[in-house]
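Shown next: structure-v9.txt, containing compact mmCIF, N, CA and C atoms.
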# COMPACT_ATOMS: atom_id res chain seq x y z
N MET K 1 56.98 72.27 -88.85
CA MET K 1 58.11 71.99 -87.98
C MET K 1 57.92 72.62 -86.61
N GLU K 2 57.33 73.81 -86.56
CA GLU K 2 57.10 74.48 -85.28
C GLU K 2 56.02 73.76 -84.48
N GLU K 3 55.03 73.15 -85.16
CA GLU K 3 53.97 72.44 -84.45
C GLU K 3 54.52 71.28 -83.64
N SER K 4 55.48 70.56 -84.19
CA SER K 4 56.05 69.42 -83.46
C SER K 4 56.95 69.88 -82.32
N ALA K 5 57.51 71.08 -82.43
CA ALA K 5 58.38 71.60 -81.38
C ALA K 5 57.56 72.00 -80.15
N VAL K 6 56.35 72.53 -80.34
CA VAL K 6 55.52 72.94 -79.22
C VAL K 6 55.14 71.75 -78.36
N PRO K 7 54.60 70.67 -78.91
CA PRO K 7 54.29 69.53 -78.06
C PRO K 7 55.54 68.94 -77.40
N GLN K 8 56.65 68.98 -78.11
CA GLN K 8 57.91 68.49 -77.54
C GLN K 8 58.29 69.32 -76.32
N ALA K 9 58.17 70.64 -76.43
CA ALA K 9 58.51 71.52 -75.32
C ALA K 9 57.52 71.34 -74.17
N VAL K 10 56.26 71.15 -74.50
CA VAL K 10 55.24 70.92 -73.47
C VAL K 10 55.54 69.63 -72.72
N MET K 11 55.83 68.59 -73.44
CA MET K 11 56.13 67.30 -72.80
C MET K 11 57.40 67.41 -71.96
N GLN K 12 58.39 68.13 -72.46
CA GLN K 12 59.63 68.30 -71.72
C GLN K 12 59.38 69.05 -70.41
N GLN K 13 58.56 70.09 -70.47
CA GLN K 13 58.24 70.84 -69.26
C GLN K 13 57.46 69.97 -68.28
N PHE K 14 56.53 69.17 -68.79
CA PHE K 14 55.76 68.28 -67.93
C PHE K 14 56.67 67.24 -67.29
N GLN K 15 57.60 66.69 -68.06
CA GLN K 15 58.55 65.71 -67.52
C GLN K 15 59.43 66.33 -66.44
N THR K 16 59.81 67.59 -66.62
CA THR K 16 60.60 68.30 -65.62
C THR K 16 59.79 68.46 -64.33
N MET K 17 58.53 68.83 -64.48
CA MET K 17 57.66 68.96 -63.30
C MET K 17 57.51 67.61 -62.59
N ARG K 18 57.34 66.57 -63.36
CA ARG K 18 57.18 65.24 -62.77
C ARG K 18 58.47 64.80 -62.08
N GLY K 19 59.61 65.13 -62.66
CA GLY K 19 60.89 64.80 -62.03
C GLY K 19 61.06 65.52 -60.70
N THR K 20 60.67 66.80 -60.67
CA THR K 20 60.73 67.57 -59.42
C THR K 20 59.81 66.95 -58.38
N TYR K 21 58.63 66.54 -58.80
CA TYR K 21 57.67 65.90 -57.90
C TYR K 21 58.25 64.62 -57.31
N GLN K 22 58.88 63.82 -58.15
CA GLN K 22 59.47 62.56 -57.69
C GLN K 22 60.64 62.81 -56.75
N GLN K 23 61.44 63.86 -57.02
CA GLN K 23 62.54 64.21 -56.12
C GLN K 23 62.02 64.62 -54.76
N LEU K 24 60.94 65.40 -54.74
CA LEU K 24 60.34 65.81 -53.48
C LEU K 24 59.85 64.59 -52.70
N ALA K 25 59.19 63.67 -53.39
CA ALA K 25 58.69 62.46 -52.74
C ALA K 25 59.83 61.64 -52.15
N SER K 26 60.92 61.54 -52.89
CA SER K 26 62.08 60.80 -52.42
C SER K 26 62.70 61.46 -51.19
N LYS K 27 62.82 62.77 -51.22
CA LYS K 27 63.41 63.50 -50.10
C LYS K 27 62.52 63.39 -48.86
N ILE K 28 61.21 63.45 -49.06
CA ILE K 28 60.29 63.30 -47.93
C ILE K 28 60.45 61.92 -47.29
N GLN K 29 60.59 60.90 -48.11
CA GLN K 29 60.80 59.55 -47.57
C GLN K 29 62.09 59.48 -46.77
N GLU K 30 63.14 60.08 -47.30
CA GLU K 30 64.43 60.09 -46.62
C GLU K 30 64.34 60.81 -45.27
N LEU K 31 63.71 61.97 -45.26
CA LEU K 31 63.57 62.74 -44.02
C LEU K 31 62.67 62.02 -43.02
N ASP K 32 61.65 61.34 -43.52
CA ASP K 32 60.75 60.59 -42.64
C ASP K 32 61.49 59.43 -41.97
N ALA K 33 62.39 58.78 -42.71
CA ALA K 33 63.20 57.71 -42.12
C ALA K 33 64.12 58.28 -41.05
N GLU K 34 64.70 59.44 -41.31
CA GLU K 34 65.57 60.09 -40.33
C GLU K 34 64.78 60.49 -39.08
N LYS K 35 63.56 60.97 -39.29
CA LYS K 35 62.70 61.34 -38.16
C LYS K 35 62.36 60.09 -37.33
N SER K 36 62.14 58.98 -37.99
CA SER K 36 61.86 57.73 -37.27
C SER K 36 63.06 57.30 -36.42
N GLU K 37 64.26 57.51 -36.93
CA GLU K 37 65.47 57.21 -36.16
C GLU K 37 65.54 58.10 -34.92
N HIS K 38 65.18 59.36 -35.07
CA HIS K 38 65.15 60.27 -33.93
C HIS K 38 64.13 59.78 -32.89
N ASP K 39 62.98 59.30 -33.37
CA ASP K 39 61.96 58.78 -32.45
C ASP K 39 62.48 57.59 -31.65
N VAL K 40 63.24 56.71 -32.29
CA VAL K 40 63.81 55.55 -31.60
C VAL K 40 64.76 56.02 -30.50
N VAL K 41 65.60 56.99 -30.81
CA VAL K 41 66.55 57.51 -29.83
C VAL K 41 65.81 58.17 -28.66
N ILE K 42 64.77 58.93 -28.98
CA ILE K 42 64.00 59.60 -27.93
C ILE K 42 63.35 58.57 -27.01
N ARG K 43 62.76 57.53 -27.59
CA ARG K 43 62.14 56.47 -26.77
C ARG K 43 63.17 55.76 -25.91
N ALA K 44 64.38 55.61 -26.42
CA ALA K 44 65.44 54.93 -25.65
C ALA K 44 65.96 55.81 -24.52
N LEU K 45 66.04 57.11 -24.73
CA LEU K 45 66.61 58.01 -23.74
C LEU K 45 65.59 58.50 -22.70
N ALA K 46 64.33 58.54 -23.05
CA ALA K 46 63.30 59.13 -22.18
C ALA K 46 63.27 58.51 -20.78
N PRO K 47 63.32 57.20 -20.62
CA PRO K 47 63.21 56.65 -19.27
C PRO K 47 64.51 56.72 -18.45
N LEU K 48 65.60 57.13 -19.06
CA LEU K 48 66.90 57.13 -18.37
C LEU K 48 67.06 58.35 -17.47
N ASP K 49 67.93 58.20 -16.48
CA ASP K 49 68.27 59.29 -15.58
C ASP K 49 68.94 60.40 -16.40
N LYS K 50 68.56 61.65 -16.13
CA LYS K 50 69.06 62.79 -16.91
C LYS K 50 70.57 63.01 -16.75
N SER K 51 71.14 62.51 -15.67
CA SER K 51 72.58 62.70 -15.45
C SER K 51 73.41 61.56 -16.04
N ARG K 52 72.76 60.57 -16.59
CA ARG K 52 73.48 59.43 -17.15
C ARG K 52 74.29 59.85 -18.36
N LYS K 53 75.48 59.30 -18.45
CA LYS K 53 76.39 59.61 -19.56
C LYS K 53 75.87 58.96 -20.85
N CYS K 54 75.96 59.71 -21.94
CA CYS K 54 75.64 59.15 -23.25
C CYS K 54 76.54 59.84 -24.28
N PHE K 55 76.52 59.33 -25.47
CA PHE K 55 77.37 59.85 -26.52
C PHE K 55 76.51 60.30 -27.69
N ARG K 56 76.96 61.35 -28.35
CA ARG K 56 76.24 61.89 -29.49
C ARG K 56 77.24 62.16 -30.61
N LEU K 57 76.84 61.79 -31.80
CA LEU K 57 77.69 62.03 -32.97
C LEU K 57 77.33 63.39 -33.55
N ILE K 58 78.29 64.31 -33.53
CA ILE K 58 78.07 65.66 -34.06
C ILE K 58 79.12 65.93 -35.12
N GLY K 59 78.68 66.05 -36.35
CA GLY K 59 79.60 66.35 -37.45
C GLY K 59 80.71 65.32 -37.60
N GLY K 60 80.40 64.06 -37.35
CA GLY K 60 81.39 63.00 -37.48
C GLY K 60 82.29 62.83 -36.27
N VAL K 61 82.04 63.60 -35.20
CA VAL K 61 82.85 63.50 -33.99
C VAL K 61 81.96 63.00 -32.85
N MET K 62 82.40 61.95 -32.16
CA MET K 62 81.66 61.41 -31.03
C MET K 62 81.93 62.28 -29.81
N VAL K 63 80.87 62.80 -29.22
CA VAL K 63 80.99 63.72 -28.10
C VAL K 63 80.28 63.12 -26.89
N GLU K 64 80.95 63.20 -25.72
CA GLU K 64 80.34 62.70 -24.49
C GLU K 64 79.46 63.80 -23.89
N ARG K 65 78.22 63.46 -23.62
CA ARG K 65 77.26 64.37 -23.00
C ARG K 65 76.48 63.58 -21.96
N ASN K 66 75.44 64.19 -21.41
CA ASN K 66 74.54 63.43 -20.56
C ASN K 66 73.15 63.45 -21.19
N VAL K 67 72.29 62.58 -20.71
CA VAL K 67 70.94 62.44 -21.30
C VAL K 67 70.18 63.75 -21.22
N GLY K 68 70.35 64.49 -20.14
CA GLY K 68 69.66 65.76 -19.97
C GLY K 68 70.02 66.78 -21.04
N GLU K 69 71.20 66.71 -21.61
CA GLU K 69 71.63 67.62 -22.68
C GLU K 69 71.21 67.11 -24.06
N VAL K 70 71.29 65.80 -24.23
CA VAL K 70 71.06 65.22 -25.55
C VAL K 70 69.58 65.11 -25.89
N LEU K 71 68.77 64.71 -24.93
CA LEU K 71 67.35 64.47 -25.21
C LEU K 71 66.64 65.71 -25.76
N PRO K 72 66.80 66.89 -25.17
CA PRO K 72 66.14 68.08 -25.76
C PRO K 72 66.65 68.41 -27.17
N ALA K 73 67.92 68.20 -27.42
CA ALA K 73 68.48 68.48 -28.75
C ALA K 73 67.90 67.52 -29.79
N VAL K 74 67.82 66.24 -29.44
CA VAL K 74 67.29 65.25 -30.38
C VAL K 74 65.80 65.52 -30.62
N THR K 75 65.08 65.87 -29.57
CA THR K 75 63.65 66.18 -29.72
C THR K 75 63.46 67.40 -30.62
N SER K 76 64.28 68.42 -30.42
CA SER K 76 64.20 69.63 -31.25
C SER K 76 64.51 69.30 -32.71
N ASN K 77 65.53 68.48 -32.94
CA ASN K 77 65.87 68.08 -34.32
C ASN K 77 64.72 67.32 -34.96
N ARG K 78 64.08 66.43 -34.20
CA ARG K 78 62.95 65.67 -34.74
C ARG K 78 61.80 66.60 -35.11
N ASP K 79 61.52 67.57 -34.24
CA ASP K 79 60.44 68.53 -34.51
C ASP K 79 60.75 69.37 -35.75
N ASN K 80 62.01 69.76 -35.90
CA ASN K 80 62.42 70.52 -37.09
C ASN K 80 62.28 69.68 -38.36
N LEU K 81 62.63 68.40 -38.26
CA LEU K 81 62.46 67.51 -39.41
C LEU K 81 60.99 67.42 -39.80
N GLN K 82 60.10 67.33 -38.81
CA GLN K 82 58.67 67.24 -39.10
C GLN K 82 58.18 68.51 -39.80
N GLN K 83 58.68 69.66 -39.38
CA GLN K 83 58.29 70.91 -40.02
C GLN K 83 58.74 70.95 -41.48
N VAL K 84 59.95 70.48 -41.73
CA VAL K 84 60.47 70.44 -43.11
C VAL K 84 59.64 69.47 -43.94
N ILE K 85 59.32 68.31 -43.37
CA ILE K 85 58.50 67.32 -44.09
C ILE K 85 57.14 67.92 -44.43
N ASP K 86 56.53 68.63 -43.48
CA ASP K 86 55.23 69.23 -43.72
C ASP K 86 55.30 70.28 -44.83
N ARG K 87 56.35 71.11 -44.83
CA ARG K 87 56.51 72.12 -45.88
C ARG K 87 56.71 71.45 -47.24
N MET K 88 57.51 70.41 -47.27
CA MET K 88 57.75 69.72 -48.54
C MET K 88 56.48 69.03 -49.04
N ALA K 89 55.70 68.48 -48.12
CA ALA K 89 54.44 67.84 -48.52
C ALA K 89 53.48 68.88 -49.09
N GLY K 90 53.46 70.06 -48.49
CA GLY K 90 52.63 71.14 -49.03
C GLY K 90 53.08 71.55 -50.41
N ARG K 91 54.39 71.64 -50.60
CA ARG K 91 54.94 71.98 -51.92
C ARG K 91 54.60 70.89 -52.94
N MET K 92 54.62 69.63 -52.48
CA MET K 92 54.26 68.53 -53.36
C MET K 92 52.81 68.64 -53.82
N GLN K 93 51.91 69.00 -52.90
CA GLN K 93 50.51 69.17 -53.26
C GLN K 93 50.33 70.31 -54.26
N GLN K 94 51.06 71.40 -54.05
CA GLN K 94 50.99 72.52 -54.99
C GLN K 94 51.48 72.08 -56.37
N LEU K 95 52.59 71.37 -56.38
CA LEU K 95 53.16 70.92 -57.65
C LEU K 95 52.22 69.94 -58.35
N GLU K 96 51.56 69.09 -57.57
CA GLU K 96 50.61 68.15 -58.16
C GLU K 96 49.45 68.90 -58.81
N ALA K 97 48.95 69.93 -58.14
CA ALA K 97 47.87 70.74 -58.72
C ALA K 97 48.35 71.45 -59.98
N GLU K 98 49.57 71.98 -59.94
CA GLU K 98 50.13 72.64 -61.12
C GLU K 98 50.26 71.65 -62.28
N MET K 99 50.72 70.46 -61.97
CA MET K 99 50.88 69.44 -63.02
C MET K 99 49.53 69.06 -63.61
N ASN K 100 48.52 68.91 -62.75
CA ASN K 100 47.18 68.56 -63.25
C ASN K 100 46.63 69.66 -64.13
N ASN K 101 46.76 70.91 -63.69
CA ASN K 101 46.28 72.04 -64.50
C ASN K 101 47.04 72.13 -65.81
N PHE K 102 48.34 71.92 -65.75
CA PHE K 102 49.18 71.96 -66.95
C PHE K 102 48.74 70.86 -67.93
N ALA K 103 48.53 69.67 -67.39
CA ALA K 103 48.14 68.54 -68.24
C ALA K 103 46.78 68.78 -68.88
N ILE K 104 45.85 69.36 -68.13
CA ILE K 104 44.53 69.66 -68.68
C ILE K 104 44.64 70.76 -69.74
N LYS K 105 45.41 71.80 -69.43
CA LYS K 105 45.56 72.94 -70.33
C LYS K 105 46.10 72.52 -71.69
N TYR K 106 47.09 71.63 -71.70
CA TYR K 106 47.73 71.22 -72.95
C TYR K 106 47.21 69.90 -73.49
N GLY K 107 46.12 69.41 -72.91
CA GLY K 107 45.48 68.22 -73.45
C GLY K 107 46.22 66.92 -73.20
N LEU K 108 47.07 66.90 -72.19
CA LEU K 108 47.76 65.65 -71.87
C LEU K 108 46.81 64.66 -71.20
N ILE K 109 45.81 65.20 -70.49
CA ILE K 109 44.71 64.40 -69.97
C ILE K 109 43.42 65.14 -70.30
N LYS K 110 42.33 64.43 -70.40
CA LYS K 110 41.09 65.04 -70.87
C LYS K 110 40.28 65.70 -69.75
N THR K 111 40.33 65.13 -68.52
CA THR K 111 39.54 65.68 -67.42
C THR K 111 40.40 65.85 -66.19
N ASP K 112 39.85 66.51 -65.22
CA ASP K 112 40.52 66.73 -63.94
C ASP K 112 40.70 65.39 -63.23
N PRO K 113 41.94 65.04 -62.80
CA PRO K 113 42.18 63.76 -62.14
C PRO K 113 41.35 63.57 -60.87
N SER K 114 41.04 64.63 -60.15
CA SER K 114 40.22 64.47 -58.95
C SER K 114 38.81 64.05 -59.35
N GLN K 115 38.33 64.51 -60.50
CA GLN K 115 37.03 64.09 -60.98
C GLN K 115 37.08 62.63 -61.41
N GLN K 116 38.20 62.21 -62.01
CA GLN K 116 38.35 60.82 -62.40
C GLN K 116 38.33 59.92 -61.17
N ARG K 117 39.00 60.35 -60.08
CA ARG K 117 39.00 59.56 -58.85
C ARG K 117 37.60 59.43 -58.30
N ALA K 118 36.82 60.51 -58.35
CA ALA K 118 35.45 60.48 -57.86
C ALA K 118 34.61 59.55 -58.72
N ASP K 119 34.82 59.61 -60.03
CA ASP K 119 34.10 58.72 -60.94
C ASP K 119 34.47 57.26 -60.67
N ASN K 120 35.74 57.00 -60.43
CA ASN K 120 36.19 55.64 -60.15
C ASN K 120 35.61 55.14 -58.83
N ALA K 121 35.53 55.99 -57.85
CA ALA K 121 34.98 55.60 -56.55
C ALA K 121 33.50 55.29 -56.67
N ALA K 122 32.80 55.99 -57.55
CA ALA K 122 31.38 55.78 -57.73
C ALA K 122 31.09 54.50 -58.53
N GLY K 123 32.08 53.99 -59.24
CA GLY K 123 31.90 52.79 -60.05
C GLY K 123 31.74 51.55 -59.18
N SER K 124 31.34 50.46 -59.80
CA SER K 124 31.13 49.22 -59.04
C SER K 124 32.46 48.64 -58.59
N SER K 125 32.43 47.88 -57.51
CA SER K 125 33.67 47.32 -56.96
C SER K 125 34.25 46.26 -57.88
N SER K 126 33.39 45.55 -58.61
CA SER K 126 33.90 44.52 -59.50
C SER K 126 34.70 45.13 -60.64
N SER K 127 34.27 46.29 -61.13
CA SER K 127 35.02 46.91 -62.22
C SER K 127 36.35 47.46 -61.72
N SER K 128 36.39 47.91 -60.46
CA SER K 128 37.65 48.43 -59.93
C SER K 128 38.64 47.30 -59.68
N GLU K 129 38.16 46.10 -59.39
CA GLU K 129 39.05 44.96 -59.20
C GLU K 129 39.70 44.55 -60.51
N MET K 130 39.00 44.78 -61.61
CA MET K 130 39.53 44.36 -62.91
C MET K 130 40.55 45.36 -63.43
N LYS K 131 40.53 46.59 -62.94
CA LYS K 131 41.48 47.58 -63.42
C LYS K 131 42.86 47.30 -62.86
N SER K 132 43.88 47.63 -63.64
CA SER K 132 45.23 47.48 -63.14
C SER K 132 45.56 48.66 -62.24
N ALA K 133 46.59 48.49 -61.44
CA ALA K 133 47.00 49.57 -60.51
C ALA K 133 47.46 50.77 -61.31
N GLY K 134 47.03 51.95 -60.90
CA GLY K 134 47.42 53.17 -61.60
C GLY K 134 48.80 53.62 -61.15
N VAL K 135 49.40 54.46 -61.94
CA VAL K 135 50.70 55.01 -61.64
C VAL K 135 50.53 56.50 -61.39
N LEU K 136 51.01 56.95 -60.24
CA LEU K 136 50.93 58.38 -59.94
C LEU K 136 51.95 59.13 -60.78
N VAL K 137 51.58 60.30 -61.19
CA VAL K 137 52.46 61.14 -61.99
C VAL K 137 53.45 61.82 -61.10
Using structure tokens, write down the structure that the file contains.
Amino acid sequence: MEESAVPQAVMQQFQTMRGTYQQLASKIQELDAEKSEHDVVIRALAPLDKSRKCFRLIGGVMVERNVGEVLPAVTSNRDNLQQVIDRMAGRMQQLEAEMNNFAIKYGLIKTDPSQQRADNAAGSSSSSEMKSAGVLV
């Protein structure tokens, strides 16, 4: 009875890690979309006169400002978003390595996935066309 509980706990821990990984990927996509919106605003405001009136939504309240005040704030927010995205991407890479090591340690996969990728790349192109698309963990 204890033998079946250990693999169950291992799989549950692996599923938790995979869920965290997927949440990180989802959040990165969300932040990247927000960063793209900031880029659109920056491109729209950049050629305008700095004293021109514009409006900015802050905490659900529309505030009248000028381009000279808004453009640096939007640029700073975009840069901060990029820093958060980079940190989350780094965390995702760490988690992926942890998941791979965990899977190898408990026999969920037989070899290192990076070695499998290298083996697949070395294979013939016709065999890779016949393979179905893989699913990332």
Write out as number ranges by chain which residues come within 12 Å of segment 34-49 of chain K when counting only C-alpha atoms, dropping same-chain ones fewer than 2 positions away.
K: 27-32, 51-56, 66-85
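The nearest approach to Asn101 of chain K among the residues K:Ala89, K:Gln8, K:Phe14, K:Lys50, with only C-alpha atoms taken into account, belongs to K:Phe14.
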What does the structure give for the distance between atom CA of Ala33 of chain K and atom CA of Ala97 of chain K, in Å to one decimal?
26.1 Å
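The space separating atom C of Gln22 of chain K from atom CA of Met92 of chain K comes to 9.2 Å.
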I'd like the box whose edges run along x, y and z of the file and which contains every listed atom of segment 60-69 of chain K, padded by 3 Å per side; could you state its centre and edge lengths in Å, one decimal, as AutoDock Vina command-line options?
--center_x 76.3 --center_y 64.5 --center_z -28.7 --size_x 19.2 --size_y 12.2 --size_z 23.5
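Atom pair atom CA of Gln12 of chain K / atom N of Leu24 of chain K: separated by 17.3 Å.
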Using only C-alpha atoms, give me every residue within 12 Å of (58.5, 60.6, -60.4) in file coordinates, as a PyMOL selection string.
chain K and resi 14-27+92+95-96+99+135-137
